[in-house]
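The structure under discussion appears below in the form of structure tokens.
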Protein chains: 4
Amino acid sequence: MARQVLDVIKVAIVGITGYAGVEAARLVLNHPEFKLTFAGSQTFKGQKLCDVYTHLRGITDIVCEEPDVEKIAQAADAAIVALPHGASMKMTCDLAEKGLKVVDLSADYRYDNIDIYEKVYGIKHEYPEWNKKAVYGIPELYREKIKEAPVVANPGCYPTCSILGFAPLLCEKRIDPKSIIIDAASGVSGAGRKSELSYSFCECTENFLAYKPASHRHTSEIAEQFSKLYGEPIKLTFTPHLVPMKRGMLVTGYASLTKEASAEELLELYKEYYKGEYFVRILNKGVYPETKSVAGSNFIDIGNATDKETGRVIVLSAIDNIGKGASGQGIQNLNLMFGIDEKAGLSVSGLYL
Amino acid sequence: MARQVLDVIKVAIVGITGYAGVEAARLVLNHPEFKLTFAGSQTFKGQKLCDVYTHLRGITDIVCEEPDVEKIAQAADAAIVALPHGASMKMTCDLAEKGLKVVDLSADYRYDNIDIYEKVYGIKHEYPEWNKKAVYGIPELYREKIKEAPVVANPGCYPTCSILGFAPLLCEKRIDPKSIIIDAASGVSGAGRKSELSYSFCECTENFLAYKPASHRHTSEIAEQFSKLYGEPIKLTFTPHLVPMKRGMLVTGYASLTKEASAEELLELYKEYYKGEYFVRILNKGVYPETKSVAGSNFIDIGNATDKETGRVIVLSAIDNIGKGASGQGIQNLNLMFGIDEKAGLSVSGLYL
Amino acid sequence: MARQVLDVIKVAIVGITGYAGVEAARLVLNHPEFKLTFAGSQTFKGQKLCDVYTHLRGITDIVCEEPDVEKIAQAADAAIVALPHGASMKMTCDLAEKGLKVVDLSADYRYDNIDIYEKVYGIKHEYPEWNKKAVYGIPELYREKIKEAPVVANPGCYPTCSILGFAPLLCEKRIDPKSIIIDAASGVSGAGRKSELSYSFCECTENFLAYKPASHRHTSEIAEQFSKLYGEPIKLTFTPHLVPMKRGMLVTGYASLTKEASAEELLELYKEYYKGEYFVRILNKGVYPETKSVAGSNFIDIGNATDKETGRVIVLSAIDNIGKGASGQGIQNLNLMFGIDEKAGLSVSGLYL
Amino acid sequence: MARQVLDVIKVAIVGITGYAGVEAARLVLNHPEFKLTFAGSQTFKGQKLCDVYTHLRGITDIVCEEPDVEKIAQAADAAIVALPHGASMKMTCDLAEKGLKVVDLSADYRYDNIDIYEKVYGIKHEYPEWNKKAVYGIPELYREKIKEAPVVANPGCYPTCSILGFAPLLCEKRIDPKSIIIDAASGVSGAGRKSELSYSFCECTENFLAYKPASHRHTSEIAEQFSKLYGEPIKLTFTPHLVPMKRGMLVTGYASLTKEASAEELLELYKEYYKGEYFVRILNKGVYPETKSVAGSNFIDIGNATDKETGRVIVLSAIDNIGKGASGQGIQNLNLMFGIDEKAGLSVSGLYL
């Protein structure tokens, strides 16, 4: 694409009134080279986005519109699709065929193995050819492919946090692939903007629980990516938890080391593996990730500990589930697809407080 | 002990202004057979307890006093000692020697193996003979011994939740003892009533983190008890987390099954094992514990899931960290020590809301 | 009523799966003289109450039933009706006509002046004769009438907190009736158990707002009661707020003093006025109510301050909005209606923590 | 000052490890024309700022230093002083005398009437001449003076929210100056970064309270500014509250209207008064401010309601207490002092979620 340096890149967000959608909007609105030109929302069409999300008052007057493919194609160079799984499939394909670069936040184009996708999500995949063209969007692992991709399948939040946390150990075969257990926890925004009783304030606050143990859909996504990194099929146990907070995700992962290693040695391995990666912060020995350090940002913090008694490594990684775990990474991918600075629009620190 | 049925049992609480102490007070004050006769607090001596803990206004006018052994012995038949580790050691011994039945909430008398205690807590144990007499206070496992014990060492919160969660699997040798990983999470009250920055509201809320991975002191307590239940030495990996909520604890434990089993089969095993245990609630298949179900109560909720892909069981158990995890269990132990109904003073349900 | 002392009083709760309903259930289940014999719920009929509210596991096995008047009348001596305004009207009347003593938690029988009720709630009152028989249920003000009442109209949470906070000043005519402003705040449970987006965790937490300024329905209820206490019609300004917490309510009320008075003098007036009232705790000068002191209990804490510069008194009162503000007071009323100890079932302290 | 357009403005922050200090740092680090060149902290000197505030990892490597006037003067063109009241007085004066433009976040230079300052804060003012030169830093009211000021006294959070909320009514004399009552609420960060028990998580969460009724120091600051706007001395009643959330402040203000007016009419008056003010968002009738709309930003949202029954207006205004209420406004002032775009570095929207 022969884009002039100073052109503004026009971006559509489809499904803009979900939490991932509006976080993408926040980032696009503060991006030096992107311009939000289309706000797609079935539910809120005709309403100003800033009437639905009041933090955007004075920031944008854009009005939500029916997500019509023709109109989007006229309005935008790129699209971030933040629709539910299944609904996203056709929209992403249609926009890509119109020549837009598309980042799809759903699971629809994430799997190499469509059979697994179809089984896990219970949906027939209608566009296997586009699935082949789509690239799995973790820039730290697939940067060059992402640059050329017409469609990027933005990874799930648990997979992003797990894959970046385990990649060095898998690539270097430092862990027994049969021993992996991932225990993870997410803030409530991970469930989306929903008027369901179980996500109501009084039901969530002062409560902590595991959900879908050994049966969460992200298990298969993690397993496919882990297998690719390791070079052999990997099965793992995955248990997500719900934390009474808005944003944030922590992975506490366990695996048996193939040979003894100290936390320092492993952290060195990580520092080497992620050398030059701006958004990956490897912590020093004895310092562990906390979600408040990454909330509101595109960073991932990774630390670890080793358990000499049992020969295990404990991998700890933290992201903002709708930042690096969704829309932040989506912007990072879009930056790459347009050949601009990967950090553009993502340089503001999060809010510790 | 030839106690008359209608006698009131006079109870002292030493260290009453900590969170475990005041929860013990709340329970004693609502107990049909106990009477709070001594409120020991170094820091707040001379002040009314209800001026320190305002929910007790109108409930009690007791004044905090210097915790003097002679005075306590004159005032009470029994004592709940809620002092820090180390400080508790002498107080418990002194009161026991005066003939009081003592429940010690600290770690000082919890270990069969004093060497491990001394190493882990960095304190020399001065009263090994009392350590031998003390009984580890999980009524569901050691009821008969507790009834006769002069001193009960009340277990830690993580150990209580872990031990009750794994006991049936360990006793029945259904899991590989080398495969055990315990991932646990606690509300902030577990840290005690402290004016430390890291437990301040702004630092804790909207934050989730792991702390002391592979190095928390409760690991050794859990390991000793697991080893006793299994009949062979067990090592395990343990990682605690901090949840932005006041009360509640969840254990998510992992182990490899020695032979395939469904969640139902294992739940049946649990139901059989805990038959007649009022405070242990085994959940049905597909129902998982949540901390809000047990907050404010002495119940433990236990569920599980099995991961066919990896041959693991996932044990899920929830308690109130200062209920069944501390003062609730303390009262349950004291009831047993005095030969009264184990449920006395513990029959009020918790607060879901 | 010639009730034998040892008879158990059978209580039905209609609308038991709302937050006020289940709090009533918690209190009835722990009441020494009440027995929960009917659990009415349209939505959850056929389900065990403890499957809907998991803190009641092991406490009760009662199954929710269609709220049929005949069945309720056979099952119970008394009913607590926790239905929405309007729906409660007929149920309360029907049960009262069957001879049950009824505490209605709705607004349907709260107004002396039916015209105001009909205007404010937009509902025609079908049972004006029962409205006349119903007594407004603040025991501290109307104890003797409540003892004889067939139906008690349990006050709203904001009215309870406001009326008890202002009663001594109104009765003693210490304030200018034209100067009253009530600024109040409630925890989210006040909105009921609802799957509405605006009460979802992510929308409520880390947020504070005023709602319905100068237009909340409780304004008229407060005004009618204030007028009765003062002996002349009173108008006031009332603004409620929503606090990101589950339980708790604070009233901060303002009025101009008719003659100068110190905080101490006014607190003396309060102590005299509420002499012997167990559930009213008048704080000392310089100590102000906090919601955590009353959460989970039936207490009201009242403090005040005076502003010499402006000649105003600031009235501060705190309750648990579903305790003294709803179900706790409902039990207190039911105790009076049956001639038993007013404190029965309400003596457990709340949870500070 | 003959500054070249492309020069970077070097900014020191003194007291950078408090909550207002680090929020200033976050904003300076994201500012297109400012550069953080000095991080002053007594407590954390020698430590990297990003080790104290982990959200700044990868954003800055600046090391905290002893706040030495000479060094600061060499390092910076401007300073934001975020020291406690009293300590700030000398630092501000010393830096201003060195020629730095200074924004002082403390109360030390906020009062025209030094007597009131000395009485309220209990500190003798050592630099009355600098107090005269200092300008009270609300840009919407004193923009032209701020542009020329060597020192700007940044207003308190409650005063900012109250003054902007009432200014149009005061200037237009639409309210009775004797009738003003301000009821306000703040998130816990308003108390600063403190290891005090009363700000610990377990003591703050699920709690709501009023503090310092009729005796908070901000009352006098508000009164002085109100008097200036109205043209006559004004006394008012002010009650702050503490909300269990990190950031956010809401003012609910009351006053009697001098003549009847609808909410719409008054909102028109506000829109006219604040015409062109980017950071002031006047809401439409029936829409009320919520703190989540402004959290993390420099905006103030203002709405109102009128109470026909009592002839009062209810003013509602919301800010982020450490944004527009402290450091955001500090940056806005600094922008003005350097003649650059007032919005520079403040254009990122807050986080609704």
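Residue numbers start at 1 in each chain; chains themselves are named A, B, ... in the order of the structure tokens; ligands are numbered from 1 in the order shown.
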
I need the residues of stretch 179-255 of chain A that end up classed as strand (DSSP E) by DSSP on the backbone, written out as a list in words.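 Of stretch 179-255 of chain A, the ones in strand (DSSP E) are Ile181, Ile182, Asp183, Ala184, Ala185, Ser186, Leu209, Ala210, Thr237, Phe238, Thr239, Pro240, His241, Leu242, Met249, Leu250, Val251, Thr252, Gly253, Tyr254 and Ala255 of chain A.
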
Using DSSP secondary structure from the backbone, list all helix (DSSP H, G or I) positions within stretch 167-269 of chain A, as a VMD selection string. chain A and resid 167 to 171 177 to 179 188 to 191 197 to 199 201 to 204 218 to 230 263 to 269

Give me, as a tab-separated table, the closest atom pair and its distance (Å, one decimal) for every residue of chain D within a cut-off of 9 Å of chain C, counting only C-alpha atoms, rows sorted by chain and rising number.
```
residue	atom	partner	partner_atom	distance
D:Lys178	CA	C:Thr310	CA	7.9
D:Ser179	CA	C:Thr310	CA	8.9
D:Ile181	CA	C:Tyr254	CA	8.2
D:Asp183	CA	C:Asp183	CA	7.3
D:Ala185	CA	C:Phe208	CA	8.3
D:Ser186	CA	C:Phe208	CA	8.9
D:Gly187	CA	C:Glu206	CA	8.3
D:Cys202	CA	C:Leu353	CA	6.6
D:Glu203	CA	C:Leu353	CA	7.3
D:Cys204	CA	C:Lys292	CA	8.8
D:Thr205	CA	C:Met245	CA	7.3
D:Glu206	CA	C:Met245	CA	4.7
D:Asn207	CA	C:Lys292	CA	5.2
D:Phe208	CA	C:Thr291	CA	5.6
D:Leu209	CA	C:Glu290	CA	4.8
D:Ala210	CA	C:Tyr288	CA	7.0
D:Tyr211	CA	C:Tyr288	CA	7.2
D:Lys212	CA	C:Gly286	CA	8.5
D:Pro213	CA	C:Ala305	CA	6.3
D:Ala214	CA	C:Asp307	CA	5.3
D:Ser215	CA	C:Asp307	CA	8.1
D:Lys235	CA	C:Thr310	CA	6.7
D:Leu236	CA	C:Thr310	CA	6.5
D:Thr237	CA	C:Thr310	CA	6.8
D:Thr239	CA	C:Thr252	CA	8.3
D:Val243	CA	C:Val243	CA	6.9
D:Pro244	CA	C:Pro244	CA	6.6
D:Met245	CA	C:Glu206	CA	4.7
D:Lys246	CA	C:Glu206	CA	6.6
D:Arg247	CA	C:Glu206	CA	7.2
D:Gly248	CA	C:Asn207	CA	7.4
D:Met249	CA	C:Phe208	CA	7.8
D:Leu250	CA	C:Leu209	CA	7.1
D:Thr252	CA	C:Ala210	CA	7.7
D:Tyr254	CA	C:Ile181	CA	8.2
D:Gly286	CA	C:Lys212	CA	8.5
D:Tyr288	CA	C:Ala210	CA	7.0
D:Pro289	CA	C:Leu209	CA	6.5
D:Glu290	CA	C:Leu209	CA	4.8
D:Thr291	CA	C:Asn207	CA	5.3
D:Lys292	CA	C:Asn207	CA	5.2
D:Ser293	CA	C:Asn207	CA	8.6
D:Ala295	CA	C:Glu206	CA	8.9
D:Asn304	CA	C:Pro213	CA	8.4
D:Ala305	CA	C:Pro213	CA	6.3
D:Thr306	CA	C:Ala214	CA	6.9
D:Asp307	CA	C:Ala214	CA	5.3
D:Lys308	CA	C:Ala214	CA	8.4
D:Glu309	CA	C:Lys235	CA	6.8
D:Thr310	CA	C:Leu236	CA	6.6
D:Arg312	CA	C:Thr237	CA	7.8
D:Ile314	CA	C:Pro213	CA	7.4
D:Leu316	CA	C:Ala210	CA	7.9
D:Ala318	CA	C:Leu209	CA	8.6
D:Tyr352	CA	C:Glu203	CA	8.4
D:Leu353	CA	C:Cys202	CA	6.6
```

Test item: residues at most 7 Å from stretch 97-107 of chain B, only C-alpha atoms, excluding those fewer than 3 positions along its chain, as a VMD selection string: chain B and resid 73 77 to 85 88 92 to 94 110 150 to 154 326 330 334

Tell me which protein, DNA and RNA residues are within 12 Å of C:Ile16, counting only C-alpha atoms, leaving out same-chain ones fewer than 3 positions away, and put them as a PyMOL selection string. chain C and resi 11-13+19-26+28+36-45+47-50+52-53+62-67+79-84+105+192-193+327

Among D:Ile322, D:Ala344, D:Val8, D:Leu336, D:Lys145 is approached most closely, using only C-alpha atoms, by D:Leu336

Hey, can you check how far atom CA of A:Asp68 sits from atom CA of A:Cys157? 27.8 Å

Contact residues around stretch 223-231 of chain A with only C-alpha atoms at 9 Å, ignoring same-chain residues under 2 positions, as a ChimeraX atom specification: /A:111-113,159,163,166-173,177,218-221,233-236

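Atom CA of B:Arg281 lies 4.8 Å from atom CA of B:Asp301.
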
Tell me, as a count of residues only, which residues lie within 8 Å of stretch 268-271 of chain B, counting only C-alpha atoms; anything in the same chain fewer than 4 positions away does not count. 4

Distance of atom CA of D:Gly156 from atom CA of D:Gln329, expressed in Å to one decimal place: 10.2 Å
